[in-house]
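Shown below: coords18.cif, with mmCIF, C-alpha atoms.
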```cif
data_final
#
loop_
_atom_site.group_PDB
_atom_site.id
_atom_site.type_symbol
_atom_site.label_atom_id
_atom_site.label_comp_id
_atom_site.auth_asym_id
_atom_site.auth_seq_id
_atom_site.Cartn_x
_atom_site.Cartn_y
_atom_site.Cartn_z
ATOM 1 C CA MET A 112 102.516 88.555 107.222
ATOM 2 C CA LEU A 113 104.793 91.584 107.403
ATOM 3 C CA GLY A 114 103.786 92.514 110.922
ATOM 4 C CA ASN A 115 103.184 96.110 111.849
ATOM 5 C CA SER A 116 104.417 97.885 108.708
ATOM 6 C CA LEU A 117 103.615 101.514 107.893
ATOM 7 C CA ILE A 118 103.418 103.400 104.630
ATOM 8 C CA SER A 119 104.784 106.879 104.097
ATOM 9 C CA ALA A 120 102.605 109.943 103.525
ATOM 10 C CA ARG A 121 103.674 109.965 99.871
ATOM 11 C CA GLN A 122 102.669 106.325 99.413
ATOM 12 C CA PHE A 123 99.334 107.056 101.090
ATOM 13 C CA PHE A 124 98.781 110.069 98.827
ATOM 14 C CA ILE A 125 99.503 107.983 95.716
ATOM 15 C CA LEU A 126 97.264 105.150 96.900
ATOM 16 C CA VAL A 127 94.304 107.411 97.658
ATOM 17 C CA THR A 128 94.801 109.411 94.459
ATOM 18 C CA LEU A 129 94.731 106.258 92.339
ATOM 19 C CA PHE A 130 91.634 105.061 94.195
ATOM 20 C CA VAL A 131 89.816 108.359 93.641
ATOM 21 C CA ILE A 132 90.806 108.544 89.981
ATOM 22 C CA GLY A 133 89.797 104.924 89.425
ATOM 23 C CA ASP A 134 86.483 105.533 91.110
ATOM 24 C CA ALA A 135 85.942 108.667 89.031
ATOM 25 C CA VAL A 136 86.801 106.924 85.765
ATOM 26 C CA LEU A 137 84.646 103.855 86.386
ATOM 27 C CA TYR A 138 81.536 105.176 88.133
ATOM 28 C CA VAL A 139 81.175 108.902 87.704
ATOM 29 C CA PRO A 140 80.696 109.055 83.917
ATOM 30 C CA SER A 141 77.718 106.728 83.862
ATOM 31 C CA LEU A 142 76.067 108.362 86.868
ATOM 32 C CA THR A 143 76.586 111.949 85.773
ATOM 33 C CA ALA A 144 75.874 111.432 82.086
ATOM 34 C CA THR A 145 72.364 110.333 82.961
ATOM 35 C CA SER A 146 71.558 113.631 84.658
ATOM 36 C CA ALA A 147 73.956 116.125 83.115
ATOM 37 C CA ARG A 148 73.833 114.878 79.504
ATOM 38 C CA GLN A 149 76.090 117.148 77.385
ATOM 39 C CA ASP A 150 77.483 118.858 80.504
ATOM 40 C CA ALA A 151 78.767 115.630 82.055
ATOM 41 C CA TRP A 152 82.360 116.709 81.492
ATOM 42 C CA ILE A 153 81.810 119.676 83.836
ATOM 43 C CA SER A 154 80.537 117.475 86.640
ATOM 44 C CA ALA A 155 83.428 115.051 86.075
ATOM 45 C CA LEU A 156 85.887 117.949 86.374
ATOM 46 C CA ILE A 157 84.239 119.126 89.589
ATOM 47 C CA GLY A 158 84.328 115.576 90.968
ATOM 48 C CA TRP A 159 88.009 115.266 90.105
ATOM 49 C CA GLY A 160 88.740 118.535 91.881
ATOM 50 C CA GLU A 161 86.827 117.456 94.977
ATOM 51 C CA GLY A 162 88.648 114.132 94.977
ATOM 52 C CA PHE A 163 92.000 115.894 94.760
ATOM 53 C CA LEU A 164 91.052 118.169 97.669
ATOM 54 C CA LEU A 165 89.986 115.168 99.768
ATOM 55 C CA THR A 166 93.215 113.367 98.950
ATOM 56 C CA SER A 167 95.199 116.446 100.008
ATOM 57 C CA LEU A 168 93.177 116.635 103.233
ATOM 58 C CA TYR A 169 93.817 112.956 104.026
ATOM 59 C CA ALA A 170 97.540 113.396 103.363
ATOM 60 C CA ALA A 171 97.772 116.528 105.537
ATOM 61 C CA LEU A 172 95.919 114.831 108.388
ATOM 62 C CA SER A 173 98.136 111.762 108.172
ATOM 63 C CA LEU A 174 101.209 114.009 108.486
ATOM 64 C CA ARG A 175 99.749 115.759 111.556
ATOM 65 C CA HIS A 176 98.816 112.454 113.227
ATOM 66 C CA PRO A 177 101.635 109.999 112.516
ATOM 67 C CA ASN A 178 101.258 106.376 113.591
ATOM 68 C CA ARG A 179 97.471 106.717 113.818
ATOM 69 C CA THR A 180 94.762 105.546 111.459
ATOM 70 C CA ILE A 181 92.104 107.792 109.966
ATOM 71 C CA LEU A 182 89.606 106.171 112.307
ATOM 72 C CA GLN A 183 91.729 107.036 115.351
ATOM 73 C CA TYR A 184 92.488 110.632 114.489
ATOM 74 C CA SER A 185 88.912 111.385 113.476
ATOM 75 C CA GLU A 186 88.072 110.935 117.163
ATOM 76 C CA ASP A 187 90.989 113.167 118.162
ATOM 77 C CA ILE A 188 89.820 115.942 115.849
ATOM 78 C CA LEU A 189 86.033 115.721 116.115
ATOM 79 C CA GLY A 190 85.543 114.253 119.576
ATOM 80 C CA LYS A 191 84.365 110.845 120.678
ATOM 81 C CA TRP A 192 80.851 110.687 119.199
ATOM 82 C CA ALA A 193 81.298 112.727 116.017
ATOM 83 C CA GLY A 194 84.610 110.962 115.355
ATOM 84 C CA LYS A 195 82.966 107.551 115.647
ATOM 85 C CA ALA A 196 80.149 108.695 113.333
ATOM 86 C CA VAL A 197 82.632 109.877 110.701
ATOM 87 C CA ALA A 198 84.628 106.656 111.060
ATOM 88 C CA PHE A 199 81.427 104.647 110.598
ATOM 89 C CA LEU A 200 80.495 106.616 107.466
ATOM 90 C CA PHE A 201 84.020 106.230 106.111
ATOM 91 C CA LEU A 202 83.982 102.461 106.623
ATOM 92 C CA SER A 203 80.426 102.030 105.403
ATOM 93 C CA TYR A 204 81.367 103.683 102.103
ATOM 94 C CA PHE A 205 83.939 100.981 101.414
ATOM 95 C CA LEU A 206 81.767 98.158 102.693
ATOM 96 C CA SER A 207 78.757 99.252 100.624
ATOM 97 C CA MET A 208 80.660 99.315 97.345
ATOM 98 C CA ARG A 209 79.559 96.171 95.578
ATOM 99 C CA HIS A 210 80.691 95.926 92.027
#
```

Can I see the file as structure tokens?
Amino acid sequence: MLGNSLISARQFFILVTLFVIGDAVLYVPSLTATSARQDAWISALIGWGEGFLLTSLYAALSLRHPNRTILQYSEDILGKWAGKAVAFLFLSYFLSMRH
């Protein structure tokens, strides 16, 4: 184990960007093509843009709150109860993804 190692904001940005792009490439086309049909490319573009904005938000927040996790600074920003709710939703997204 490496102990208590940290990643830089740039590394975090790259990691989240690759995760969002991978998610968009693997899951979004099949889900949106069912509903959007010939306009699926538009919804994929919108999803990519939203993912990029979220990645930028995560990176900006990590720069404002160094040495804290997203779960910790969500409580700082939103308060105790709302921060815990957002942290729960954030974690449940990753735990509910079953491939």

Quiz prompt | Pick from A:Arg121, A:Ala155, A:Leu202, A:Ser185 nearest to Leu172 (chain A), counting all atoms listed in the file | solution =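 Going through A:Arg121, A:Ala155, A:Leu202, A:Ser185 one by one, the smallest distance to Leu172 (chain A) is for A:Ser185.
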
Adding 3 Å on each side of the box along x, y and z that holds all listed atoms of region 143-148 of chain A, could you give its centre and edge lengths in Å to one decimal, as JSON?
```
{"center_x": 74.1, "center_y": 113.2, "center_z": 82.6, "size_x": 11.0, "size_y": 11.8, "size_z": 12.3}
```

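Put simply, CA of Tyr169 (chain A) is 8.1 Å away from CA of Ile181 (chain A).
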
Quiz prompt | Near-Ser167 (chain A) list (9 Å; all atoms listed in the file; drop same-chain fewer than 4 positions) as a VMD selection string | solution = chain A and resid 124 128 162 to 163 171 to 172

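Residues selected in this file by the PyMOL selection byres ((chain A and resi 182) around 8) comprise Thr180, Ile181, Gln183, Tyr184, Ser185, Glu186, Gly194, Lys195 and Ala198 of chain A.
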
Quiz item: Which distance in Å separates CA of Trp159 (chain A) and CA of Val131 (chain A), to one decimal?
Solution: 8.0 Å
